[in-house]
file start01.pdb (PDB, C-alpha atoms)
ATOM      1  CA  MET A   1    -217.268 -24.663-149.662  1.00  0.00           C
ATOM      2  CA  PRO A   2    -217.783 -27.684-151.881  1.00  0.00           C
ATOM      3  CA  GLY A   3    -215.014 -28.905-154.187  1.00  0.00           C
ATOM      4  CA  LYS A   4    -212.137 -27.577-152.128  1.00  0.00           C
ATOM      5  CA  GLY A   5    -210.817 -31.007-151.087  1.00  0.00           C
ATOM      6  CA  LYS A   6    -209.921 -32.086-147.582  1.00  0.00           C
ATOM      7  CA  GLY A   7    -207.967 -29.267-146.021  1.00  0.00           C
ATOM      8  CA  GLY A   8    -210.606 -27.511-144.068  1.00  0.00           C
ATOM      9  CA  LYS A   9    -209.676 -23.970-145.110  1.00  0.00           C
ATOM     10  CA  GLY A  10    -209.608 -24.329-148.879  1.00  0.00           C
ATOM     11  CA  GLY A  11    -205.827 -24.081-149.237  1.00  0.00           C
ATOM     12  CA  ARG A  12    -205.415 -21.164-146.854  1.00  0.00           C
ATOM     13  CA  GLY A  13    -203.320 -21.363-143.722  1.00  0.00           C
ATOM     14  CA  LYS A  14    -202.098 -24.371-141.796  1.00  0.00           C
ATOM     15  CA  THR A  15    -204.201 -27.400-141.055  1.00  0.00           C
ATOM     16  CA  ALA A  16    -204.243 -28.947-137.608  1.00  0.00           C
ATOM     17  CA  GLY A  17    -201.437 -31.431-137.008  1.00  0.00           C
ATOM     18  CA  SER A  18    -199.474 -30.612-140.144  1.00  0.00           C
ATOM     19  CA  LYS A  19    -195.678 -30.738-139.985  1.00  0.00           C
ATOM     20  CA  ALA A  20    -193.689 -27.586-140.718  1.00  0.00           C
ATOM     21  CA  VAL A  21    -191.767 -27.815-143.994  1.00  0.00           C
ATOM     22  CA  SER A  22    -188.727 -25.599-144.415  1.00  0.00           C
ATOM     23  CA  ARG A  23    -188.304 -23.362-147.421  1.00  0.00           C
ATOM     24  CA  SER A  24    -185.011 -25.125-148.119  1.00  0.00           C
ATOM     25  CA  SER A  25    -186.724 -28.490-148.462  1.00  0.00           C
ATOM     26  CA  LYS A  26    -189.490 -26.965-150.579  1.00  0.00           C
ATOM     27  CA  ALA A  27    -186.836 -25.617-152.937  1.00  0.00           C
ATOM     28  CA  GLY A  28    -184.818 -28.845-152.797  1.00  0.00           C
ATOM     29  CA  LEU A  29    -181.753 -27.104-151.357  1.00  0.00           C
ATOM     30  CA  GLN A  30    -179.276 -27.865-148.595  1.00  0.00           C
ATOM     31  CA  PHE A  31    -178.422 -24.237-147.839  1.00  0.00           C
ATOM     32  CA  PRO A  32    -180.708 -22.475-145.310  1.00  0.00           C
ATOM     33  CA  VAL A  33    -183.190 -20.252-147.143  1.00  0.00           C
ATOM     34  CA  GLY A  34    -184.681 -18.861-143.916  1.00  0.00           C
ATOM     35  CA  ARG A  35    -181.306 -17.842-142.514  1.00  0.00           C
ATOM     36  CA  ILE A  36    -180.324 -16.139-145.780  1.00  0.00           C
ATOM     37  CA  ALA A  37    -183.673 -14.301-145.774  1.00  0.00           C
ATOM     38  CA  ARG A  38    -183.018 -13.130-142.224  1.00  0.00           C
ATOM     39  CA  TYR A  39    -179.530 -11.902-143.130  1.00  0.00           C
ATOM     40  CA  LEU A  40    -180.894 -10.067-146.178  1.00  0.00           C
ATOM     41  CA  ARG A  41    -183.480  -8.313-144.018  1.00  0.00           C
ATOM     42  CA  LEU A  42    -181.120  -7.480-141.146  1.00  0.00           C
ATOM     43  CA  GLY A  43    -178.346  -6.367-143.485  1.00  0.00           C
ATOM     44  CA  LYS A  44    -180.441  -3.426-144.718  1.00  0.00           C
ATOM     45  CA  PHE A  45    -179.451  -4.113-148.335  1.00  0.00           C
ATOM     46  CA  ALA A  46    -182.949  -3.010-149.343  1.00  0.00           C
ATOM     47  CA  ASP A  47    -186.120  -1.840-147.641  1.00  0.00           C
ATOM     48  CA  ARG A  48    -187.997  -4.944-148.736  1.00  0.00           C
ATOM     49  CA  VAL A  49    -186.922  -8.493-149.593  1.00  0.00           C
ATOM     50  CA  GLY A  50    -189.032 -10.583-151.970  1.00  0.00           C
ATOM     51  CA  ALA A  51    -189.930 -14.201-151.283  1.00  0.00           C
ATOM     52  CA  GLY A  52    -187.843 -15.543-154.159  1.00  0.00           C
ATOM     53  CA  ALA A  53    -184.644 -13.613-153.445  1.00  0.00           C
ATOM     54  CA  PRO A  54    -183.329 -15.763-150.573  1.00  0.00           C
ATOM     55  CA  VAL A  55    -184.232 -18.967-152.445  1.00  0.00           C
ATOM     56  CA  TYR A  56    -182.299 -17.826-155.505  1.00  0.00           C
ATOM     57  CA  MET A  57    -179.346 -16.683-153.407  1.00  0.00           C
ATOM     58  CA  ALA A  58    -179.265 -19.980-151.495  1.00  0.00           C
ATOM     59  CA  ALA A  59    -179.294 -21.893-154.787  1.00  0.00           C
ATOM     60  CA  VAL A  60    -176.411 -19.840-156.172  1.00  0.00           C
ATOM     61  CA  LEU A  61    -174.359 -20.231-152.983  1.00  0.00           C
ATOM     62  CA  GLU A  62    -175.028 -23.976-152.903  1.00  0.00           C
ATOM     63  CA  TYR A  63    -173.947 -24.332-156.536  1.00  0.00           C
ATOM     64  CA  LEU A  64    -170.716 -22.402-155.938  1.00  0.00           C
ATOM     65  CA  ALA A  65    -169.910 -24.432-152.827  1.00  0.00           C
ATOM     66  CA  ALA A  66    -170.540 -27.706-154.670  1.00  0.00           C
ATOM     67  CA  GLU A  67    -168.357 -26.609-157.589  1.00  0.00           C
ATOM     68  CA  VAL A  68    -165.427 -25.604-155.368  1.00  0.00           C
ATOM     69  CA  LEU A  69    -165.734 -28.746-153.244  1.00  0.00           C
ATOM     70  CA  GLU A  70    -165.789 -31.003-156.297  1.00  0.00           C
ATOM     71  CA  LEU A  71    -162.679 -29.420-157.806  1.00  0.00           C
ATOM     72  CA  ALA A  72    -160.895 -29.343-154.433  1.00  0.00           C
ATOM     73  CA  GLY A  73    -161.763 -33.021-153.907  1.00  0.00           C
ATOM     74  CA  ASN A  74    -160.245 -33.824-157.288  1.00  0.00           C
ATOM     75  CA  ALA A  75    -157.105 -31.887-156.318  1.00  0.00           C
ATOM     76  CA  ALA A  76    -156.918 -33.793-153.014  1.00  0.00           C
ATOM     77  CA  ARG A  77    -157.289 -37.108-154.825  1.00  0.00           C
ATOM     78  CA  ASP A  78    -154.541 -36.097-157.288  1.00  0.00           C
ATOM     79  CA  ASN A  79    -152.264 -35.525-154.282  1.00  0.00           C
ATOM     80  CA  LYS A  80    -153.286 -38.920-152.818  1.00  0.00           C
ATOM     81  CA  LYS A  81    -155.052 -37.338-149.840  1.00  0.00           C
ATOM     82  CA  LYS A  82    -158.511 -38.002-148.450  1.00  0.00           C
ATOM     83  CA  THR A  83    -158.907 -34.681-146.630  1.00  0.00           C
ATOM     84  CA  ILE A  84    -159.361 -31.361-148.414  1.00  0.00           C
ATOM     85  CA  ILE A  85    -156.956 -28.727-147.095  1.00  0.00           C
ATOM     86  CA  PRO A  86    -156.730 -25.029-148.050  1.00  0.00           C
ATOM     87  CA  ARG A  87    -153.979 -25.863-150.550  1.00  0.00           C
ATOM     88  CA  HIS A  88    -156.412 -28.056-152.492  1.00  0.00           C
ATOM     89  CA  ILE A  89    -159.003 -25.265-152.550  1.00  0.00           C
ATOM     90  CA  GLN A  90    -156.354 -22.856-153.817  1.00  0.00           C
ATOM     91  CA  LEU A  91    -155.294 -25.245-156.595  1.00  0.00           C
ATOM     92  CA  ALA A  92    -158.920 -25.869-157.550  1.00  0.00           C
ATOM     93  CA  VAL A  93    -159.854 -22.189-157.717  1.00  0.00           C
ATOM     94  CA  ARG A  94    -156.734 -20.979-159.513  1.00  0.00           C
ATOM     95  CA  ASN A  95    -156.792 -23.743-162.127  1.00  0.00           C
ATOM     96  CA  ASP A  96    -160.436 -23.030-163.048  1.00  0.00           C
ATOM     97  CA  GLU A  97    -160.797 -20.011-165.322  1.00  0.00           C
ATOM     98  CA  GLU A  98    -164.233 -18.857-164.121  1.00  0.00           C
ATOM     99  CA  LEU A  99    -163.626 -19.441-160.407  1.00  0.00           C
ATOM    100  CA  ASN A 100    -160.262 -17.681-160.701  1.00  0.00           C
ATOM    101  CA  LYS A 101    -162.003 -14.677-162.237  1.00  0.00           C
ATOM    102  CA  LEU A 102    -164.651 -14.698-159.481  1.00  0.00           C
ATOM    103  CA  MET A 103    -162.068 -14.976-156.691  1.00  0.00           C
ATOM    104  CA  ALA A 104    -159.343 -12.867-158.307  1.00  0.00           C
ATOM    105  CA  ASN A 105    -158.962 -10.524-155.317  1.00  0.00           C
ATOM    106  CA  THR A 106    -159.314 -13.256-152.705  1.00  0.00           C
ATOM    107  CA  THR A 107    -156.512 -14.609-150.535  1.00  0.00           C
ATOM    108  CA  ILE A 108    -156.921 -18.175-149.288  1.00  0.00           C
ATOM    109  CA  ALA A 109    -155.071 -18.593-146.000  1.00  0.00           C
ATOM    110  CA  SER A 110    -152.444 -21.366-146.121  1.00  0.00           C
ATOM    111  CA  GLY A 111    -153.219 -21.823-149.797  1.00  0.00           C
ATOM    112  CA  GLY A 112    -149.764 -21.193-151.202  1.00  0.00           C
ATOM    113  CA  VAL A 113    -149.226 -20.324-154.859  1.00  0.00           C
ATOM    114  CA  LEU A 114    -149.526 -22.217-158.113  1.00  0.00           C
ATOM    115  CA  PRO A 115    -146.329 -24.001-159.130  1.00  0.00           C
ATOM    116  CA  ASN A 116    -144.836 -21.892-161.900  1.00  0.00           C
ATOM    117  CA  ILE A 117    -141.252 -21.419-163.121  1.00  0.00           C
ATOM    118  CA  HIS A 118    -140.656 -18.797-165.789  1.00  0.00           C
ATOM    119  CA  SER A 119    -139.241 -20.315-168.970  1.00  0.00           C
ATOM    120  CA  SER A 120    -136.241 -17.952-168.985  1.00  0.00           C
ATOM    121  CA  LEU A 121    -135.145 -19.355-165.604  1.00  0.00           C
ATOM    122  CA  LEU A 122    -135.091 -22.954-166.808  1.00  0.00           C
ATOM    123  CA  PRO A 123    -131.704 -24.416-167.842  1.00  0.00           C
ATOM    124  CA  LYS A 124    -130.946 -24.688-171.524  1.00  0.00           C
ATOM    125  CA  GLY A 125    -132.189 -27.963-173.006  1.00  0.00           C
ATOM    126  CA  ARG A 126    -128.855 -29.751-173.636  1.00  0.00           C
ATOM    127  CA  LYS A 127    -128.971 -33.181-175.209  1.00  0.00           C
ATOM    128  CA  ASN A 128    -126.905 -35.919-173.593  1.00  0.00           C
ATOM    129  CA  LYS A 129    -124.974 -38.504-175.585  1.00  0.00           C
ATOM    130  CA  GLU A 130    -128.053 -40.625-176.417  1.00  0.00           C
ATOM    131  CA  GLY A 131    -130.070 -37.648-177.624  1.00  0.00           C
ATOM    132  CA  ALA A 132    -132.591 -37.966-174.783  1.00  0.00           C
ATOM    133  CA  GLU A 133    -133.840 -35.197-172.521  1.00  0.00           C
ATOM    134  CA  PRO A 134    -132.064 -34.417-169.235  1.00  0.00           C
ATOM    135  CA  SER A 135    -132.925 -36.764-166.399  1.00  0.00           C
ATOM    136  CA  GLN A 136    -134.796 -34.164-164.319  1.00  0.00           C
ATOM    137  CA  ASP A 137    -138.163 -32.680-165.281  1.00  0.00           C
ATOM    138  CA  TYR A 138    -138.524 -28.961-164.824  1.00  0.00           C
TER
END
call {"tool": "encode", "arguments": {"input": "start01.pdb", "output": "structure tokens"}}
result
Amino acid sequence: MPGKGKGGKGGRGKTAGSKAVSRSSKAGLQFPVGRIARYLRLGKFADRVGAGAPVYMAAVLEYLAAEVLELAGNAARDNKKKTIIPRHIQLAVRNDEELNKLMANTTIASGGVLPNIHSSLLPKGRKNKEGAEPSQDY
């Protein structure tokens, strides 16, 4: 077959001595496309699973993980810590409007709650003799 280049089979199949390339690296992703494809097939979510479905799902999961990790890292840095703990993930998720909506019914173990004091529970704002605010911040 003239004009097919050097592959031997004209673009069909594997050539001898070629390295296997994962679907994750083909898609430029870190998350495992093959594993997600396997879980989609074994989970019986549908009779058939298209070739693009696990790639798309891996990309979405990778984006969500990167978003949460970035916000949690910022929360850890704000608390002068180098390690992300569940509390930082909780603060990151609950302070972001879209992530909070996505994870509204989710409990993060050891995450705690957002610091919040109802305004009616705060002491009345009395002025001291210099007209400044009270010494403690509430």
call {"tool": "atom_distance", "arguments": {"input": "start01.pdb", "atom1": "atom CA of A:Ser22", "atom2": "atom CA of A:Gly50"}}
result
16.8 Å
call {"tool": "closest_residue", "arguments": {"input": "start01.pdb", "among": "A:Leu71, A:Met103, A:Ile108, A:Ala76", "to": "A:Gln90", "atoms": "all atoms listed in the file"}}
result
A:Ile108
call {"tool": "atom_distance", "arguments": {"input": "start01.pdb", "atom1": "atom CA of A:Ala72", "atom2": "atom CA of A:Leu29"}}
result
21.2 Å
call {"tool": "atom_distance", "arguments": {"input": "start01.pdb", "atom1": "atom CA of A:Ala51", "atom2": "atom CA of A:Pro32"}}
result
13.8 Å
call {"tool": "closest_residue", "arguments": {"input": "start01.pdb", "among": "A:Ala75, A:Ala46, A:Leu102, A:Ala27", "to": "A:Ile89", "atoms": "all atoms listed in the file"}}
result
A:Ala75
call {"tool": "resolve_selection", "arguments": {"input": "start01.pdb", "expression": "the PyMOL selection byres ((chain A and resi 92) around 10)", "output": "ChimeraX atom specification"}}
result
/A:67-76,86-91,93-97,99-100
call {"tool": "write_last_selection", "arguments": {"input": "start01.pdb", "atoms": "C-alpha atoms", "output": "PDB file, keeping the file's coordinate frame"}}
result
ATOM      1  CA  GLU A  67    -168.357 -26.609-157.589  1.00  0.00           C
ATOM      2  CA  VAL A  68    -165.427 -25.604-155.368  1.00  0.00           C
ATOM      3  CA  LEU A  69    -165.734 -28.746-153.244  1.00  0.00           C
ATOM      4  CA  GLU A  70    -165.789 -31.003-156.297  1.00  0.00           C
ATOM      5  CA  LEU A  71    -162.679 -29.420-157.806  1.00  0.00           C
ATOM      6  CA  ALA A  72    -160.895 -29.343-154.433  1.00  0.00           C
ATOM      7  CA  GLY A  73    -161.763 -33.021-153.907  1.00  0.00           C
ATOM      8  CA  ASN A  74    -160.245 -33.824-157.288  1.00  0.00           C
ATOM      9  CA  ALA A  75    -157.105 -31.887-156.318  1.00  0.00           C
ATOM     10  CA  ALA A  76    -156.918 -33.793-153.014  1.00  0.00           C
ATOM     11  CA  PRO A  86    -156.730 -25.029-148.050  1.00  0.00           C
ATOM     12  CA  ARG A  87    -153.979 -25.863-150.550  1.00  0.00           C
ATOM     13  CA  HIS A  88    -156.412 -28.056-152.492  1.00  0.00           C
ATOM     14  CA  ILE A  89    -159.003 -25.265-152.550  1.00  0.00           C
ATOM     15  CA  GLN A  90    -156.354 -22.856-153.817  1.00  0.00           C
ATOM     16  CA  LEU A  91    -155.294 -25.245-156.595  1.00  0.00           C
ATOM     17  CA  VAL A  93    -159.854 -22.189-157.717  1.00  0.00           C
ATOM     18  CA  ARG A  94    -156.734 -20.979-159.513  1.00  0.00           C
ATOM     19  CA  ASN A  95    -156.792 -23.743-162.127  1.00  0.00           C
ATOM     20  CA  ASP A  96    -160.436 -23.030-163.048  1.00  0.00           C
ATOM     21  CA  GLU A  97    -160.797 -20.011-165.322  1.00  0.00           C
ATOM     22  CA  LEU A  99    -163.626 -19.441-160.407  1.00  0.00           C
ATOM     23  CA  ASN A 100    -160.262 -17.681-160.701  1.00  0.00           C
TER      24      ASN A 100
END
call {"tool": "resolve_selection", "arguments": {"input": "start01.pdb", "expression": "the PyMOL selection byres ((chain A and resi 30) around 12)", "output": "ChimeraX atom specification"}}
result
/A:22-29,31-35,55,58-63,65-66
call {"tool": "closest_residue", "arguments": {"input": "start01.pdb", "among": "A:Pro54, A:Gly13, A:Pro123, A:Gly111", "to": "A:Arg41", "atoms": "all atoms listed in the file"}}
result
A:Pro54
call {"tool": "decode", "arguments": {"input": "start01.pdb", "residues": "stretch 2-82 of chain A", "atoms": "C-alpha atoms", "output": "JSON list (two decimals), in the first residue's frame"}}
result
[["chain", "number", "residue", "atom", "x", "y", "z"],
["A", 2, "PRO", "CA", 1.93, 3.03, -1.20],
["A", 3, "GLY", "CA", 1.60, 6.38, 0.58],
["A", 4, "LYS", "CA", 0.70, 4.97, 3.97],
["A", 5, "GLY", "CA", 3.95, 6.01, 5.67],
["A", 6, "LYS", "CA", 6.15, 3.81, 7.81],
["A", 7, "GLY", "CA", 3.89, 1.87, 10.12],
["A", 8, "GLY", "CA", 3.57, -1.37, 8.32],
["A", 9, "LYS", "CA", -0.20, -1.75, 8.70],
["A", 10, "GLY", "CA", -1.39, 1.61, 7.41],
["A", 11, "GLY", "CA", -2.45, 2.99, 10.79],
["A", 12, "ARG", "CA", -4.20, -0.16, 11.96],
["A", 13, "GLY", "CA", -3.15, -2.06, 15.05],
["A", 14, "LYS", "CA", 0.09, -1.98, 16.98],
["A", 15, "THR", "CA", 3.50, -1.94, 15.37],
["A", 16, "ALA", "CA", 6.27, -4.18, 16.63],
["A", 17, "GLY", "CA", 8.22, -2.72, 19.53],
["A", 18, "SER", "CA", 5.88, 0.18, 20.20],
["A", 19, "LYS", "CA", 5.36, 1.30, 23.80],
["A", 20, "ALA", "CA", 1.87, 1.16, 25.29],
["A", 21, "VAL", "CA", 0.42, 4.63, 25.90],
["A", 22, "SER", "CA", -2.30, 4.97, 28.51],
["A", 23, "ARG", "CA", -5.58, 6.66, 27.75],
["A", 24, "SER", "CA", -4.88, 9.05, 30.62],
["A", 25, "SER", "CA", -1.67, 10.28, 28.99],
["A", 26, "LYS", "CA", -3.38, 10.52, 25.60],
["A", 27, "ALA", "CA", -6.02, 12.75, 27.18],
["A", 28, "GLY", "CA", -3.43, 14.68, 29.21],
["A", 29, "LEU", "CA", -4.98, 13.67, 32.53],
["A", 30, "GLN", "CA", -3.65, 12.46, 35.86],
["A", 31, "PHE", "CA", -6.77, 10.50, 36.83],
["A", 32, "PRO", "CA", -6.93, 6.88, 35.57],
["A", 33, "VAL", "CA", -9.20, 6.67, 32.53],
["A", 34, "GLY", "CA", -8.89, 2.88, 32.27],
["A", 35, "ARG", "CA", -9.87, 2.31, 35.89],
["A", 36, "ILE", "CA", -12.88, 4.63, 35.57],
["A", 37, "ALA", "CA", -13.92, 2.77, 32.40],
["A", 38, "ARG", "CA", -13.67, -0.53, 34.26],
["A", 39, "TYR", "CA", -15.78, 0.79, 37.15],
["A", 40, "LEU", "CA", -18.39, 2.13, 34.72],
["A", 41, "ARG", "CA", -18.63, -1.27, 33.05],
["A", 42, "LEU", "CA", -18.67, -3.31, 36.26],
["A", 43, "GLY", "CA", -21.11, -0.95, 37.96],
["A", 44, "LYS", "CA", -23.86, -1.86, 35.48],
["A", 45, "PHE", "CA", -24.87, 1.80, 35.11],
["A", 46, "ALA", "CA", -25.62, 1.06, 31.45],
["A", 47, "ASP", "CA", -25.41, -1.88, 29.08],
["A", 48, "ARG", "CA", -22.72, -0.19, 27.03],
["A", 49, "VAL", "CA", -20.06, 2.42, 27.82],
["A", 50, "GLY", "CA", -18.74, 4.67, 25.05],
["A", 51, "ALA", "CA", -15.06, 5.39, 24.57],
["A", 52, "GLY", "CA", -15.38, 9.06, 25.51],
["A", 53, "ALA", "CA", -17.41, 8.62, 28.69],
["A", 54, "PRO", "CA", -14.58, 7.56, 31.02],
["A", 55, "VAL", "CA", -12.28, 10.25, 29.59],
["A", 56, "TYR", "CA", -14.87, 12.94, 30.25],
["A", 57, "MET", "CA", -15.61, 11.60, 33.73],
["A", 58, "ALA", "CA", -11.90, 11.46, 34.59],
["A", 59, "ALA", "CA", -11.48, 15.06, 33.43],
["A", 60, "VAL", "CA", -14.41, 16.23, 35.55],
["A", 61, "LEU", "CA", -13.16, 14.36, 38.63],
["A", 62, "GLU", "CA", -9.64, 15.72, 38.14],
["A", 63, "TYR", "CA", -10.97, 19.28, 37.84],
["A", 64, "LEU", "CA", -13.05, 18.95, 41.01],
["A", 65, "ALA", "CA", -10.14, 17.47, 42.95],
["A", 66, "ALA", "CA", -7.81, 20.26, 41.79],
["A", 67, "GLU", "CA", -10.36, 22.92, 42.73],
["A", 68, "VAL", "CA", -10.92, 21.53, 46.24],
["A", 69, "LEU", "CA", -7.19, 21.02, 46.81],
["A", 70, "GLU", "CA", -6.37, 24.56, 45.72],
["A", 71, "LEU", "CA", -8.96, 26.12, 48.02],
["A", 72, "ALA", "CA", -8.01, 23.81, 50.91],
["A", 73, "GLY", "CA", -4.34, 24.70, 50.40],
["A", 74, "ASN", "CA", -5.24, 28.38, 50.61],
["A", 75, "ALA", "CA", -7.17, 27.70, 53.83],
["A", 76, "ALA", "CA", -4.18, 25.81, 55.25],
["A", 77, "ARG", "CA", -1.85, 28.67, 54.35],
["A", 78, "ASP", "CA", -4.24, 31.17, 55.98],
["A", 79, "ASN", "CA", -3.98, 29.10, 59.18],
["A", 80, "LYS", "CA", -0.16, 29.03, 58.86],
["A", 81, "LYS", "CA", -0.07, 25.27, 58.25],
["A", 82, "LYS", "CA", 1.72, 23.31, 55.55]]
